[in-house]
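Written below as structure tokens is the structure these notes are about.
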Amino acid sequence: MIFVDGIPFSTGSSQGIEDLIALLEHPFLVSASNKLKAIPVMKVSVMEGFRGERSTPAKHVYVFQREYATVDPALVEVSSLEEYVLVGTDEATTCVGIVIRNQKTGWTSIAHVDSPEVVDLGLTQMLSLLIDQNSNAELDVHIVGAFEDAVTNHVYSLLVKQTSGSSGSESELELYNHSIPLCSKIIEALQNKGNKFHIQTFCVLGHNTMRDSDGNVYPVFNGFMVETSSGSVRPASFDRSSRCPDEIVRRIRVTVSYSDPSWKGKLLETYDSHSDQYQIAPCSWNLRWKEYALSLQQLSDSDILLNCSTSPSAEGPDFVDNHRRLFDYLIQHPNWRETFPMRKPRIFKRTASGDWIKAE
């Protein structure tokens with residue numbers, strides 16, 4: 001069940017799309033989006049520290065696309081009262097970042113959701129450690145991402161027409177399967193669950209879209225972080241050093257998990273909440289992925305963007321380089337068992353300085 005500004009929210013419709021449109025127009029959430037957009041982006045680099053308004057040291061847990069992690073802030077060891085724990089993600093264009101935080105315990109779960117197909121089971125995974133079986137916990141929710149590209153804007157107009165009783169083609173709506181269906185599914189799933197979800201941030205679609213002088217559209221920001229102790233949220237971007245540990249293997253899991261039946265409908269398990277360790281759950285791929293990677297590696301940068309992104313004009317400057325490094329790994333390691341011997345997870349422990357080392 002969804003609450004906004006402490007009040008139960010419902011349009012009386014069983015369709016997520018009607019609730020989606022109403023939430024996008026809700027004054028409380030419009031104000032929250034405007035406040036979020038006014039906050040400077042925190043640039044995160046393990047090599048250079050955290051750059052932004054705050055210089056206080058922090059330890060963070062980062063998730064890639066289709067991953068989730070649930071963090072107990074009391075378990076993550078900090079060196080002083082001034083140090084704090086953050087969860088974050090970025091590289092979201094048509095994807096959505098979701099954070100759910102237990103108001104009482106501070107336990108915080110973050111996910112980077114890329115498809116309506118993983119929403120139902122994904123929310124169940126996120127909630128599994130946030131609440132007890134009989135808990136009536138109050139849960140804060142932050143939803144950020146899914147910018148409104150030209151196609152999405154057209155579909156949104158059709159949806160508004162439909163919900164207002166005007167004409168809008170169902171066949172046209174079915175052609176598109178990115179930002180709007182994903183946002184709608186998330187809202188529908190939250191509304192249908194029995195938990196108390198207090199939406200604090202809903203910066204998606206038009207609220208997370210800007211236009212340049214030529215009319216091209218881009219996300220206002222494609223990443224964010226939440227401080228687990230306070231629940232405060234702010235825009236964030238990460239460099240390669242902070243998207244850790246095991247960056248390339250985790251990127252490969254995102255790519256190949258679509259064809260691995262063990263991950264059907266699920267978010268990728270990444271982090272062990274009880275030990276403050278990354279446990280990169282195994283994922284398999286077949287030899288055809290080497291052939292696929294070899295063919296993609298021959299493409300130009302622009303063709304890689306067109307073939308590998310749902311929003312080529314909005315990707316970050318390192319998008320192509322990240323994919324070329326991923327292709328190289330698949331070419332050099334065509335057998336997934338080299339990466340996950342005996343199908344065991346890859347385990348990384350946090351050092352006292354906040355870095356990660358692979359466990360033997």
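Ordering of the structure tokens sets the chain letters (A, B, ...); residue numbers start at 1 within each chain; ligands are numbered from 1 in the order shown.
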
Item checked: Which of range 55-292 of chain A DSSP labels helix (DSSP H, G or I), written as a PyMOL selection string -> chain A and resi 116-127+150-163+170-174+179-192+206-208+240-242+247-259+261-263+288-292

Margin query: If we count only C-alpha atoms and set the cut-off at 9 Å, which residues sit around Trp356 in chain A, ignoring sequence neighbours fewer than 4 positions away in its own chain? Please answer as a list in words.
Written below: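 The neighbour list is Cys244, Pro245, Gln277, Tyr278, Phe348, Lys349, Arg350 and Thr351 of chain A.
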
Notebook entry, point to check: Which residues, written as a PyMOL selection string, have at least one atom at most 10 Å from Gln15 in chain A, with only C-alpha atoms counted and residues fewer than 4 positions away on the same chain left out?
Noted result: chain A and resi 11+19-20+184-185+187-188+191

Margin query: Between CA of Asp246 in chain A and CA of Ala74 in chain A, what is the distance in Å, rounded to a tenth?
Written below: 24.5 Å

Item checked: Near-range 83-98 of chain A list (6 Å; only C-alpha atoms; drop same-chain fewer than 3 positions) as number ranges by chain -> A: 57-63, 78, 80, 110-114, 142-147, 179, 222-228

Tell me, counting only C-alpha atoms, for each residue of range 233-260 of chain A within 12 Å of range 288-304 of chain A, which pair of atoms is nearest and how far apart they are in Å to one decimal, in rows ordered by chain and increasing number, as a tab-separated table.
```
residue	atom	partner	partner_atom	distance
A:Ile252	CA	A:Trp289	CA	10.4
A:Thr255	CA	A:Trp289	CA	9.8
A:Val256	CA	A:Trp289	CA	8.2
A:Ser257	CA	A:Trp289	CA	11.8
A:Ser259	CA	A:Trp289	CA	10.5
```

Take the residues from that selection and put them in a file with N, CA and C atoms, as a compact mmCIF listing (two decimals), in the first residue's frame.
```
# COMPACT_ATOMS: atom_id res chain seq x y z
N ILE A 252 29.05 -8.43 -16.86
CA ILE A 252 28.75 -9.60 -17.68
C ILE A 252 27.51 -10.32 -17.16
N THR A 255 24.49 -8.83 -18.60
CA THR A 255 24.29 -9.15 -20.01
C THR A 255 23.79 -10.57 -20.21
N VAL A 256 24.41 -11.54 -19.54
CA VAL A 256 24.11 -12.95 -19.82
C VAL A 256 22.96 -13.50 -18.99
N SER A 257 22.56 -12.80 -17.94
CA SER A 257 21.52 -13.33 -17.05
C SER A 257 20.19 -13.51 -17.76
N SER A 259 19.64 -14.98 -20.43
CA SER A 259 19.56 -16.33 -21.00
C SER A 259 19.86 -17.42 -19.98
```

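Taking CA of Gly122 in chain A and CA of Ile186 in chain A as endpoints, the distance between them is 10.0 Å.
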
Proximity check range 9-112 of chain A to range 238-243 of chain A, 7 Å, nearest pairs one decimal Å, only C-alpha atoms, as a Markdown table:
```
| residue | atom | partner | partner_atom | distance |
| --- | --- | --- | --- | --- |
| A:Lys43 | CA | A:Phe238 | CA | 6.0 |
| A:Val44 | CA | A:Phe238 | CA | 4.8 |
| A:Ser45 | CA | A:Ser242 | CA | 5.2 |
| A:Val46 | CA | A:Ser242 | CA | 5.1 |
| A:Met47 | CA | A:Ser241 | CA | 6.4 |
| A:Tyr62 | CA | A:Arg243 | CA | 6.2 |
| A:Asp90 | CA | A:Phe238 | CA | 6.9 |
```

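Taking only C-alpha atoms into account, Ser275 in chain A lies nearest to A:Asp72 out of the set A:Asp355, A:Asp72, A:Glu117, A:Asp318.
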
Next item on the list: Extract, using only C-alpha atoms, all DNA, RNA and protein residues at most 10 Å from range 123-128 of chain A, discarding same-chain residues fewer than 2 positions from it, and format them as a PyMOL selection string.
Entry: chain A and resi 68-70+98-102+108-111+113+118-121+130-133+139+186+189-190+193+195+266-269

Check: Between CA of Ser311 in chain A and CA of Asp149 in chain A, what is the distance, to one decimal in Å?
Finding: 7.8 Å
